[in-house]
Amino acid sequence: MFARADQLRIEQIEDEFKLHAVDYFWEGFEPHLTVFNLDDGQLSSLDLENLDFSVSKKRVCVGSWVEDEYFPCPSSVPVIRFAQCAECGAELFPVQECVFEPKCEGDQCDSPLCKREHSVYIAFFGNKPKVGMTLKSRIKRRAIEQGADAYCEVATCPTRKAARDQEKAIGQILKITERPAVRTVLESLTLPKKKNQIEDGWKWISDSLEAGMKMTPGKVEFLDSYPLEEPLSEVPRYVESWGFHSGDFIGIKGKFLIFRKNHLSALKLSDLPSRFLSRD
């Protein structure tokens with residue numbers, strides 16, 4: 001298998017990287033990548049427009065937050081699937097597998113998250129819909145995190161598991177995905193005049209859910225204030241997270257930072273937490 005020269009070099013020196021990426025989040029339409037400096041023990045927000053940094057292959061638990069105070073993972077546990085180890089993530093998810101597939105209403109695990117009201121929603125990427133579920137209090141924020149062009153709420157459920165069950169049922173009725181392909185999301189960045197297509201899709205979904213599940217979805221809300229000028233002239237090429245990244249900053253939408261170096265590329269920022277970064 002072909003190995004990039006920058007990745008071969010990073011595997012040799014990544015233990016020297018001092019910036020541990022611990023969180024990627026949005027405040028309104030402002031994206032933030034939080035890093036923990038191993039030298040001075042301070043948190044800061046990385047300047048994402050200054051695209052000139054290396055990202056490690058290795059991943060280590062991001063630690064935890066207690067009453068807004070950050071605590072690094074006490075054991076520096078290597079991670080693969082999740083950004084937190086089981087111990088650091090135990091407050092919200094005592095059973096890590098429940099992150100994607102809750103097994104109870106919160107009565108067995110006693111997780112406060114599982115007992116809170118959740119929403120099931122439809123998000124649009126261009127004319128392609130997906131179904132999802134999240135806390136009712138953060139439905140718009142979740143759609144922004146995913147880089148949706150619009151969204152609508154279709155159901156409110158008393159617990160996380162009830163929302164997950166409803167999400168699966170809606171996906172089956174409408175025959176739409178819960179996890180759009182990277183290619184689908186990146187292709188949507190090149191589409192002009194999305195509003196009419198989304199409104200047509202919302203009408204079809206509304207009619208289908210009323211007929212099949214006696215549901216009346218909420219109105220569609222458009223999300224058009226991302227720091228990215230669309231439509232793009234070409235579909236960005238997805239690049240592996242770990243490696244050396246540099247080029248001209250184009251913008252950010254949802255999970256992806258778009259930059260140009262010979263051609264348009266897309267770096268998945270949501271994959272950076274748990275990895276180590278360096279600007280040297």
# chains A, B, ... in the order shown; residues from 1 in each chain; ligands from 1
>>> residues_around(residues="A:Ser54", least_positions_apart="5", cutoff="9 Å", atoms="only C-alpha atoms", output="PyMOL selection string")
chain A and resi 6+10+14+17+242-246+276-280
>>> write_last_selection(atoms="N, CA and C atoms", output="PDB file, in the first residue's frame")
ATOM      1  N   ASP A   6       4.737  12.392   4.204  1.00  0.00           N
ATOM      2  CA  ASP A   6       4.473  13.154   5.423  1.00  0.00           C
ATOM      3  C   ASP A   6       3.993  12.234   6.546  1.00  0.00           C
ATOM      4  N   ILE A  10       5.658  11.650  10.184  1.00  0.00           N
ATOM      5  CA  ILE A  10       4.888  11.924  11.403  1.00  0.00           C
ATOM      6  C   ILE A  10       4.922  10.735  12.352  1.00  0.00           C
ATOM      7  N   GLU A  14       5.716  11.977  16.069  1.00  0.00           N
ATOM      8  CA  GLU A  14       4.455  12.423  16.672  1.00  0.00           C
ATOM      9  C   GLU A  14       4.489  12.462  18.201  1.00  0.00           C
ATOM     10  N   PHE A  17       4.749  15.990  19.548  1.00  0.00           N
ATOM     11  CA  PHE A  17       3.675  16.972  19.361  1.00  0.00           C
ATOM     12  C   PHE A  17       3.098  17.364  20.719  1.00  0.00           C
ATOM     13  N   TRP A 242      -4.839  12.347   9.675  1.00  0.00           N
ATOM     14  CA  TRP A 242      -3.458  12.419  10.138  1.00  0.00           C
ATOM     15  C   TRP A 242      -2.517  12.638   8.959  1.00  0.00           C
ATOM     16  N   GLY A 243      -1.557  13.512   9.217  1.00  0.00           N
ATOM     17  CA  GLY A 243      -0.631  13.902   8.165  1.00  0.00           C
ATOM     18  C   GLY A 243      -0.330  15.387   8.297  1.00  0.00           C
ATOM     19  N   PHE A 244       0.352  15.944   7.314  1.00  0.00           N
ATOM     20  CA  PHE A 244       0.671  17.374   7.302  1.00  0.00           C
ATOM     21  C   PHE A 244      -0.317  18.091   6.386  1.00  0.00           C
ATOM     22  N   HIS A 245      -0.898  19.183   6.879  1.00  0.00           N
ATOM     23  CA  HIS A 245      -1.906  19.916   6.109  1.00  0.00           C
ATOM     24  C   HIS A 245      -1.493  21.375   5.959  1.00  0.00           C
ATOM     25  N   SER A 246      -1.504  21.851   4.732  1.00  0.00           N
ATOM     26  CA  SER A 246      -1.227  23.263   4.464  1.00  0.00           C
ATOM     27  C   SER A 246      -1.934  23.649   3.182  1.00  0.00           C
ATOM     28  N   PHE A 276      -2.889  14.444  18.278  1.00  0.00           N
ATOM     29  CA  PHE A 276      -1.932  15.484  18.688  1.00  0.00           C
ATOM     30  C   PHE A 276      -1.538  16.311  17.472  1.00  0.00           C
ATOM     31  N   LEU A 277      -1.352  17.603  17.700  1.00  0.00           N
ATOM     32  CA  LEU A 277      -1.032  18.520  16.617  1.00  0.00           C
ATOM     33  C   LEU A 277       0.279  19.252  16.881  1.00  0.00           C
ATOM     34  N   SER A 278       0.883  19.718  15.797  1.00  0.00           N
ATOM     35  CA  SER A 278       2.089  20.524  15.905  1.00  0.00           C
ATOM     36  C   SER A 278       2.116  21.519  14.756  1.00  0.00           C
ATOM     37  N   ARG A 279       2.588  22.723  15.065  1.00  0.00           N
ATOM     38  CA  ARG A 279       2.792  23.726  14.003  1.00  0.00           C
ATOM     39  C   ARG A 279       4.262  23.844  13.631  1.00  0.00           C
ATOM     40  N   ASP A 280       5.122  23.035  14.228  1.00  0.00           N
ATOM     41  CA  ASP A 280       6.554  23.090  13.940  1.00  0.00           C
ATOM     42  C   ASP A 280       6.853  22.329  12.646  1.00  0.00           C
TER      43      ASP A 280
END
>>> closest_atom_pairs(of="stretch 149-230 of chain A", to="stretch 87-102 of chain A", cutoff="10 Å", atoms="only C-alpha atoms", output="CSV")
residue,atom,partner,partner_atom,distance
A:Thr159,CA,A:Pro102,CA,9.9
A:Arg160,CA,A:Pro102,CA,7.1
A:Lys161,CA,A:Pro102,CA,5.4
A:Ala162,CA,A:Pro102,CA,9.1
A:Ala163,CA,A:Pro102,CA,9.7
A:Arg164,CA,A:Glu101,CA,7.4
A:Asp165,CA,A:Pro102,CA,9.3
>>> write_last_selection(atoms="C-alpha atoms", output="JSON list (two decimals), in the first residue's frame")
[["chain", "number", "residue", "atom", "x", "y", "z"],
["A", 159, "THR", "CA", -36.01, 9.61, 26.48],
["A", 160, "ARG", "CA", -32.97, 8.95, 24.32],
["A", 161, "LYS", "CA", -33.92, 5.33, 23.61],
["A", 162, "ALA", "CA", -37.45, 6.31, 22.56],
["A", 163, "ALA", "CA", -35.94, 8.83, 20.13],
["A", 164, "ARG", "CA", -33.56, 6.21, 18.74],
["A", 165, "ASP", "CA", -36.44, 3.78, 18.16]]
>>> select_by_dssp(residues="stretch 51-275 of chain A", states="alpha helix (DSSP H)", output="VMD selection string")
chain A and resid 139 to 146 160 to 174 182 to 188 194 to 213
>>> residues_around(residues="stretch 114-126 of chain A", least_positions_apart="3", cutoff="7 Å", atoms="only C-alpha atoms", output="JSON, numbers by chain")
{"A": [105, 106, 111, 129, 130, 131, 132, 133, 134, 135, 136, 139, 143, 148, 149, 150, 151, 152, 153, 154, 155, 156, 157, 158, 159, 160, 163, 167, 185, 188, 191, 194, 198]}
>>> residues_around(residues="stretch 260-269 of chain A", least_positions_apart="5", cutoff="9 Å", atoms="only C-alpha atoms", output="list of chain:residue names")
A:Tyr24, A:Leu33, A:Leu186, A:Leu232, A:Ser233, A:Glu234, A:Val235, A:Pro236, A:Arg237, A:Tyr238, A:Val239, A:Glu240, A:Ser241, A:His245, A:Ser246, A:Gly247, A:Asp248, A:Phe249, A:Ile250, A:Gly254, A:Lys255
>>> write_last_selection(atoms="N, CA and C atoms", output="PDB file, in the first residue's frame")
ATOM      1  N   TYR A  24     -14.030  19.657  19.437  1.00  0.00           N
ATOM      2  CA  TYR A  24     -14.403  20.432  18.254  1.00  0.00           C
ATOM      3  C   TYR A  24     -15.889  20.732  18.368  1.00  0.00           C
ATOM      4  N   LEU A  33     -11.825  24.598  17.532  1.00  0.00           N
ATOM      5  CA  LEU A  33     -11.062  23.391  17.852  1.00  0.00           C
ATOM      6  C   LEU A  33     -10.236  23.707  19.097  1.00  0.00           C
ATOM      7  N   LEU A 186     -19.939  16.273   0.579  1.00  0.00           N
ATOM      8  CA  LEU A 186     -19.014  17.137  -0.163  1.00  0.00           C
ATOM      9  C   LEU A 186     -19.596  17.546  -1.517  1.00  0.00           C
ATOM     10  N   LEU A 232     -19.209  25.728  -4.298  1.00  0.00           N
ATOM     11  CA  LEU A 232     -17.805  25.549  -4.653  1.00  0.00           C
ATOM     12  C   LEU A 232     -17.689  25.183  -6.120  1.00  0.00           C
ATOM     13  N   SER A 233     -16.536  25.445  -6.692  1.00  0.00           N
ATOM     14  CA  SER A 233     -16.325  25.207  -8.128  1.00  0.00           C
ATOM     15  C   SER A 233     -16.086  23.738  -8.448  1.00  0.00           C
ATOM     16  N   GLU A 234     -15.736  22.957  -7.438  1.00  0.00           N
ATOM     17  CA  GLU A 234     -15.480  21.525  -7.643  1.00  0.00           C
ATOM     18  C   GLU A 234     -15.732  20.783  -6.337  1.00  0.00           C
ATOM     19  N   VAL A 235     -15.913  19.484  -6.427  1.00  0.00           N
ATOM     20  CA  VAL A 235     -16.114  18.671  -5.226  1.00  0.00           C
ATOM     21  C   VAL A 235     -14.769  18.495  -4.532  1.00  0.00           C
ATOM     22  N   PRO A 236     -14.646  18.907  -3.266  1.00  0.00           N
ATOM     23  CA  PRO A 236     -13.359  18.745  -2.565  1.00  0.00           C
ATOM     24  C   PRO A 236     -12.989  17.268  -2.416  1.00  0.00           C
ATOM     25  N   ARG A 237     -11.701  17.014  -2.418  1.00  0.00           N
ATOM     26  CA  ARG A 237     -11.207  15.657  -2.193  1.00  0.00           C
ATOM     27  C   ARG A 237     -11.008  15.438  -0.697  1.00  0.00           C
ATOM     28  N   TYR A 238     -11.558  14.371  -0.194  1.00  0.00           N
ATOM     29  CA  TYR A 238     -11.429  14.053   1.230  1.00  0.00           C
ATOM     30  C   TYR A 238     -10.003  13.589   1.517  1.00  0.00           C
ATOM     31  N   VAL A 239      -9.382  14.177   2.560  1.00  0.00           N
ATOM     32  CA  VAL A 239      -8.021  13.789   2.918  1.00  0.00           C
ATOM     33  C   VAL A 239      -8.020  13.137   4.299  1.00  0.00           C
ATOM     34  N   GLU A 240      -7.120  12.190   4.501  1.00  0.00           N
ATOM     35  CA  GLU A 240      -6.987  11.558   5.808  1.00  0.00           C
ATOM     36  C   GLU A 240      -6.644  12.593   6.866  1.00  0.00           C
ATOM     37  N   SER A 241      -7.179  12.391   8.068  1.00  0.00           N
ATOM     38  CA  SER A 241      -6.970  13.373   9.134  1.00  0.00           C
ATOM     39  C   SER A 241      -5.509  13.483   9.525  1.00  0.00           C
ATOM     40  N   HIS A 245      -0.898  19.183   6.879  1.00  0.00           N
ATOM     41  CA  HIS A 245      -1.906  19.916   6.109  1.00  0.00           C
ATOM     42  C   HIS A 245      -1.493  21.375   5.959  1.00  0.00           C
ATOM     43  N   SER A 246      -1.504  21.851   4.732  1.00  0.00           N
ATOM     44  CA  SER A 246      -1.227  23.263   4.464  1.00  0.00           C
ATOM     45  C   SER A 246      -1.934  23.649   3.182  1.00  0.00           C
ATOM     46  N   GLY A 247      -2.158  24.939   3.021  1.00  0.00           N
ATOM     47  CA  GLY A 247      -2.824  25.428   1.822  1.00  0.00           C
ATOM     48  C   GLY A 247      -3.597  26.691   2.120  1.00  0.00           C
ATOM     49  N   ASP A 248      -4.363  27.137   1.143  1.00  0.00           N
ATOM     50  CA  ASP A 248      -5.163  28.347   1.285  1.00  0.00           C
ATOM     51  C   ASP A 248      -6.517  28.001   1.887  1.00  0.00           C
ATOM     52  N   PHE A 249      -6.820  28.632   3.000  1.00  0.00           N
ATOM     53  CA  PHE A 249      -8.083  28.406   3.690  1.00  0.00           C
ATOM     54  C   PHE A 249      -9.244  28.909   2.840  1.00  0.00           C
ATOM     55  N   ILE A 250     -10.267  28.045   2.639  1.00  0.00           N
ATOM     56  CA  ILE A 250     -11.450  28.435   1.882  1.00  0.00           C
ATOM     57  C   ILE A 250     -12.645  28.660   2.808  1.00  0.00           C
ATOM     58  N   GLY A 254     -19.826  22.496   8.929  1.00  0.00           N
ATOM     59  CA  GLY A 254     -20.038  21.248   9.650  1.00  0.00           C
ATOM     60  C   GLY A 254     -18.725  20.631  10.097  1.00  0.00           C
ATOM     61  N   LYS A 255     -18.480  19.410   9.662  1.00  0.00           N
ATOM     62  CA  LYS A 255     -17.286  18.674  10.051  1.00  0.00           C
ATOM     63  C   LYS A 255     -16.046  19.061   9.245  1.00  0.00           C
TER      64      LYS A 255
END
>>> residues_around(residues="A:Trp26", least_positions_apart="3", cutoff="12 Å", atoms="only C-alpha atoms", output="PyMOL selection string")
chain A and resi 23+29-34+45+138+140-147+226-227+252-255+269-270
>>> closest_residue(among="A:Thr184, A:Gly28, A:Asn196, A:Gln42", to="A:Glu69", atoms="only C-alpha atoms")
A:Gln42
>>> closest_residue(among="A:Phe82, A:Phe53, A:Trp202, A:Phe36", to="A:Lys128", atoms="only C-alpha atoms")
A:Trp202
>>> residues_around(residues="A:Pro74", least_positions_apart="6", cutoff="12 Å", atoms="only C-alpha atoms", output="PDB file with C-alpha atoms, in the first residue's frame")
ATOM      1  CA  VAL A  60      -5.312   9.352  23.266  1.00  0.00           C
ATOM      2  CA  CYS A  61      -8.418   9.932  25.406  1.00  0.00           C
ATOM      3  CA  VAL A  62      -9.385  13.616  25.553  1.00  0.00           C
ATOM      4  CA  GLY A  63     -10.156  13.490  29.283  1.00  0.00           C
ATOM      5  CA  SER A  64     -13.268  14.988  30.870  1.00  0.00           C
ATOM      6  CA  GLN A  84     -12.916   9.315  25.448  1.00  0.00           C
ATOM      7  CA  CYS A  85     -11.955   6.179  27.313  1.00  0.00           C
ATOM      8  CA  GLU A  87     -13.575   5.865  32.589  1.00  0.00           C
ATOM      9  CA  CYS A  88     -13.563   9.502  31.413  1.00  0.00           C
TER      10      CYS A  88
END
>>> select_by_dssp(residues="stretch 78-182 of chain A", states="strand (DSSP E or B)", output="ChimeraX atom specification")
/A:78,118-125,128-135,150-157,177
>>> closest_residue(among="A:Gly41, A:Ala83, A:Gly171, A:Leu46", to="A:Pro273", atoms="only C-alpha atoms")
A:Ala83
>>> atom_distance(atom1="atom CA of A:Cys104", atom2="atom CA of A:Ser137")
20.8 Å
>>> closest_residue(among="A:Glu16, A:Ile176, A:Asp47, A:Asn127", to="A:Asp200", atoms="only C-alpha atoms")
A:Asn127
>>> atom_distance(atom1="atom CA of A:Leu38", atom2="atom CA of A:Glu67")
21.6 Å
>>> decode(residues="stretch 36-176 of chain A", atoms="C-alpha atoms", output="PDB file, in the first residue's frame")
ATOM      1  CA  PHE A  36      -4.582  21.328  25.472  1.00  0.00           C
ATOM      2  CA  ASN A  37      -0.937  22.393  25.577  1.00  0.00           C
ATOM      3  CA  LEU A  38       1.119  19.661  27.225  1.00  0.00           C
ATOM      4  CA  ASP A  39       3.905  22.126  28.065  1.00  0.00           C
ATOM      5  CA  ASP A  40       1.947  24.772  29.989  1.00  0.00           C
ATOM      6  CA  GLY A  41      -1.246  22.863  30.847  1.00  0.00           C
ATOM      7  CA  GLN A  42      -3.481  25.487  29.209  1.00  0.00           C
ATOM      8  CA  LEU A  43      -6.492  25.197  26.920  1.00  0.00           C
ATOM      9  CA  SER A  44      -6.757  27.381  23.825  1.00  0.00           C
ATOM     10  CA  SER A  45      -8.625  27.585  20.533  1.00  0.00           C
ATOM     11  CA  LEU A  46      -6.543  26.723  17.462  1.00  0.00           C
ATOM     12  CA  ASP A  47      -6.548  29.262  14.626  1.00  0.00           C
ATOM     13  CA  LEU A  48      -8.117  27.138  11.890  1.00  0.00           C
ATOM     14  CA  GLU A  49      -7.569  29.721   9.158  1.00  0.00           C
ATOM     15  CA  ASN A  50      -3.818  29.347   9.603  1.00  0.00           C
ATOM     16  CA  LEU A  51      -3.695  26.000   7.851  1.00  0.00           C
ATOM     17  CA  ASP A  52      -0.161  24.816   8.495  1.00  0.00           C
ATOM     18  CA  PHE A  53      -0.027  21.966  11.008  1.00  0.00           C
ATOM     19  CA  SER A  54       0.697  18.266  11.438  1.00  0.00           C
ATOM     20  CA  VAL A  55      -1.746  15.760  12.921  1.00  0.00           C
ATOM     21  CA  SER A  56      -0.704  12.545  14.670  1.00  0.00           C
ATOM     22  CA  LYS A  57      -1.841   9.061  13.813  1.00  0.00           C
ATOM     23  CA  LYS A  58      -1.977   8.057  17.469  1.00  0.00           C
ATOM     24  CA  ARG A  59      -5.057   8.913  19.487  1.00  0.00           C
ATOM     25  CA  VAL A  60      -5.312   9.352  23.266  1.00  0.00           C
ATOM     26  CA  CYS A  61      -8.418   9.932  25.406  1.00  0.00           C
ATOM     27  CA  VAL A  62      -9.385  13.616  25.553  1.00  0.00           C
ATOM     28  CA  GLY A  63     -10.156  13.490  29.283  1.00  0.00           C
ATOM     29  CA  SER A  64     -13.268  14.988  30.870  1.00  0.00           C
ATOM     30  CA  TRP A  65     -14.992  18.196  31.990  1.00  0.00           C
ATOM     31  CA  VAL A  66     -16.438  18.543  35.486  1.00  0.00           C
ATOM     32  CA  GLU A  67     -18.469  21.720  36.108  1.00  0.00           C
ATOM     33  CA  ASP A  68     -16.683  23.371  33.163  1.00  0.00           C
ATOM     34  CA  GLU A  69     -13.228  22.479  34.499  1.00  0.00           C
ATOM     35  CA  TYR A  70     -11.055  20.359  32.221  1.00  0.00           C
ATOM     36  CA  PHE A  71      -9.197  17.278  33.464  1.00  0.00           C
ATOM     37  CA  PRO A  72      -6.788  15.350  31.185  1.00  0.00           C
ATOM     38  CA  CYS A  73      -7.193  11.591  31.127  1.00  0.00           C
ATOM     39  CA  PRO A  74      -5.312  10.349  34.228  1.00  0.00           C
ATOM     40  CA  SER A  75      -4.071   7.232  32.404  1.00  0.00           C
ATOM     41  CA  SER A  76      -3.572   8.673  28.878  1.00  0.00           C
ATOM     42  CA  VAL A  77      -5.551   5.752  27.486  1.00  0.00           C
ATOM     43  CA  PRO A  78      -5.141   5.075  23.737  1.00  0.00           C
ATOM     44  CA  VAL A  79      -8.515   5.237  21.941  1.00  0.00           C
ATOM     45  CA  ILE A  80      -9.817   4.085  18.578  1.00  0.00           C
ATOM     46  CA  ARG A  81     -13.567   4.407  18.107  1.00  0.00           C
ATOM     47  CA  PHE A  82     -14.369   7.048  20.707  1.00  0.00           C
ATOM     48  CA  ALA A  83     -12.487  10.190  21.754  1.00  0.00           C
ATOM     49  CA  GLN A  84     -12.916   9.315  25.448  1.00  0.00           C
ATOM     50  CA  CYS A  85     -11.955   6.179  27.313  1.00  0.00           C
ATOM     51  CA  ALA A  86     -14.655   4.323  29.266  1.00  0.00           C
ATOM     52  CA  GLU A  87     -13.575   5.865  32.589  1.00  0.00           C
ATOM     53  CA  CYS A  88     -13.563   9.502  31.413  1.00  0.00           C
ATOM     54  CA  GLY A  89     -16.864   9.124  29.564  1.00  0.00           C
ATOM     55  CA  ALA A  90     -18.652   7.217  32.316  1.00  0.00           C
ATOM     56  CA  GLU A  91     -20.687  10.165  33.633  1.00  0.00           C
ATOM     57  CA  LEU A  92     -22.711  10.498  30.429  1.00  0.00           C
ATOM     58  CA  PHE A  93     -22.323   6.958  29.074  1.00  0.00           C
ATOM     59  CA  PRO A  94     -21.625   4.277  31.714  1.00  0.00           C
ATOM     60  CA  VAL A  95     -21.784   1.768  28.831  1.00  0.00           C
ATOM     61  CA  GLN A  96     -19.859   3.122  25.836  1.00  0.00           C
ATOM     62  CA  GLU A  97     -21.763   1.048  23.293  1.00  0.00           C
ATOM     63  CA  CYS A  98     -24.850   3.105  24.230  1.00  0.00           C
ATOM     64  CA  VAL A  99     -23.352   6.146  22.486  1.00  0.00           C
ATOM     65  CA  PHE A 100     -24.901   4.912  19.226  1.00  0.00           C
ATOM     66  CA  GLU A 101     -27.453   2.378  20.437  1.00  0.00           C
ATOM     67  CA  PRO A 102     -29.058   3.096  23.847  1.00  0.00           C
ATOM     68  CA  LYS A 103     -30.184  -0.086  25.569  1.00  0.00           C
ATOM     69  CA  CYS A 104     -32.442   1.362  28.276  1.00  0.00           C
ATOM     70  CA  GLU A 105     -34.490   4.423  29.208  1.00  0.00           C
ATOM     71  CA  GLY A 106     -31.833   5.505  31.702  1.00  0.00           C
ATOM     72  CA  ASP A 107     -33.355   3.380  34.458  1.00  0.00           C
ATOM     73  CA  GLN A 108     -30.551   0.801  34.336  1.00  0.00           C
ATOM     74  CA  CYS A 109     -27.483   2.963  33.639  1.00  0.00           C
ATOM     75  CA  ASP A 110     -28.765   6.028  35.529  1.00  0.00           C
ATOM     76  CA  SER A 111     -27.278   8.315  32.876  1.00  0.00           C
ATOM     77  CA  PRO A 112     -28.840  11.815  33.106  1.00  0.00           C
ATOM     78  CA  LEU A 113     -28.576  12.159  29.314  1.00  0.00           C
ATOM     79  CA  CYS A 114     -30.699   9.090  28.606  1.00  0.00           C
ATOM     80  CA  LYS A 115     -33.608  10.437  30.673  1.00  0.00           C
ATOM     81  CA  ARG A 116     -33.802  13.831  28.958  1.00  0.00           C
ATOM     82  CA  GLU A 117     -36.189  14.858  26.188  1.00  0.00           C
ATOM     83  CA  HIS A 118     -34.853  14.213  22.681  1.00  0.00           C
ATOM     84  CA  SER A 119     -35.913  15.243  19.182  1.00  0.00           C
ATOM     85  CA  VAL A 120     -35.924  13.289  15.956  1.00  0.00           C
ATOM     86  CA  TYR A 121     -35.160  15.483  12.952  1.00  0.00           C
ATOM     87  CA  ILE A 122     -34.568  15.455   9.212  1.00  0.00           C
ATOM     88  CA  ALA A 123     -31.467  17.276   7.949  1.00  0.00           C
ATOM     89  CA  PHE A 124     -30.825  18.162   4.309  1.00  0.00           C
ATOM     90  CA  PHE A 125     -27.501  18.200   2.467  1.00  0.00           C
ATOM     91  CA  GLY A 126     -28.464  19.779  -0.818  1.00  0.00           C
ATOM     92  CA  ASN A 127     -31.439  17.683  -1.901  1.00  0.00           C
ATOM     93  CA  LYS A 128     -30.365  14.623   0.126  1.00  0.00           C
ATOM     94  CA  PRO A 129     -32.152  14.067   3.467  1.00  0.00           C
ATOM     95  CA  LYS A 130     -30.975  12.142   6.518  1.00  0.00           C
ATOM     96  CA  VAL A 131     -32.742  11.274   9.758  1.00  0.00           C
ATOM     97  CA  GLY A 132     -31.142  11.898  13.150  1.00  0.00           C
ATOM     98  CA  MET A 133     -31.862  12.337  16.832  1.00  0.00           C
ATOM     99  CA  THR A 134     -30.401  14.568  19.525  1.00  0.00           C
ATOM    100  CA  LEU A 135     -31.299  16.410  22.717  1.00  0.00           C
ATOM    101  CA  LYS A 136     -34.290  18.642  22.021  1.00  0.00           C
ATOM    102  CA  SER A 137     -32.363  21.585  23.464  1.00  0.00           C
ATOM    103  CA  ARG A 138     -29.590  21.298  20.858  1.00  0.00           C
ATOM    104  CA  ILE A 139     -31.344  20.278  17.658  1.00  0.00           C
ATOM    105  CA  LYS A 140     -30.227  23.370  15.689  1.00  0.00           C
ATOM    106  CA  ARG A 141     -26.684  23.087  17.011  1.00  0.00           C
ATOM    107  CA  ARG A 142     -26.551  19.428  15.984  1.00  0.00           C
ATOM    108  CA  ALA A 143     -27.654  20.282  12.445  1.00  0.00           C
ATOM    109  CA  ILE A 144     -24.920  22.956  12.263  1.00  0.00           C
ATOM    110  CA  GLU A 145     -22.319  20.479  13.568  1.00  0.00           C
ATOM    111  CA  GLN A 146     -23.211  18.163  10.703  1.00  0.00           C
ATOM    112  CA  GLY A 147     -23.118  20.939   8.105  1.00  0.00           C
ATOM    113  CA  ALA A 148     -26.771  20.634   7.087  1.00  0.00           C
ATOM    114  CA  ASP A 149     -28.299  23.145   4.681  1.00  0.00           C
ATOM    115  CA  ALA A 150     -31.631  22.902   6.502  1.00  0.00           C
ATOM    116  CA  TYR A 151     -33.492  20.789   9.039  1.00  0.00           C
ATOM    117  CA  CYS A 152     -36.939  20.168  10.460  1.00  0.00           C
ATOM    118  CA  GLU A 153     -38.086  18.515  13.681  1.00  0.00           C
ATOM    119  CA  VAL A 154     -40.380  15.540  13.152  1.00  0.00           C
ATOM    120  CA  ALA A 155     -40.910  14.112  16.652  1.00  0.00           C
ATOM    121  CA  THR A 156     -40.279  14.766  20.343  1.00  0.00           C
ATOM    122  CA  CYS A 157     -39.583  11.823  22.646  1.00  0.00           C
ATOM    123  CA  PRO A 158     -39.271  11.603  26.459  1.00  0.00           C
ATOM    124  CA  THR A 159     -36.012   9.610  26.475  1.00  0.00           C
ATOM    125  CA  ARG A 160     -32.974   8.955  24.315  1.00  0.00           C
ATOM    126  CA  LYS A 161     -33.924   5.331  23.607  1.00  0.00           C
ATOM    127  CA  ALA A 162     -37.447   6.310  22.560  1.00  0.00           C
ATOM    128  CA  ALA A 163     -35.942   8.831  20.130  1.00  0.00           C
ATOM    129  CA  ARG A 164     -33.557   6.213  18.740  1.00  0.00           C
ATOM    130  CA  ASP A 165     -36.438   3.778  18.161  1.00  0.00           C
ATOM    131  CA  GLN A 166     -38.404   6.516  16.406  1.00  0.00           C
ATOM    132  CA  GLU A 167     -35.363   7.485  14.337  1.00  0.00           C
ATOM    133  CA  LYS A 168     -35.016   3.927  13.033  1.00  0.00           C
ATOM    134  CA  ALA A 169     -38.725   3.670  12.260  1.00  0.00           C
ATOM    135  CA  ILE A 170     -38.727   6.947  10.306  1.00  0.00           C
ATOM    136  CA  GLY A 171     -35.625   5.897   8.388  1.00  0.00           C
ATOM    137  CA  GLN A 172     -37.328   2.675   7.340  1.00  0.00           C
ATOM    138  CA  ILE A 173     -40.568   4.395   6.328  1.00  0.00           C
ATOM    139  CA  LEU A 174     -38.815   7.064   4.263  1.00  0.00           C
ATOM    140  CA  LYS A 175     -35.933   4.808   3.163  1.00  0.00           C
ATOM    141  CA  ILE A 176     -33.352   7.461   4.041  1.00  0.00           C
TER     142      ILE A 176
END
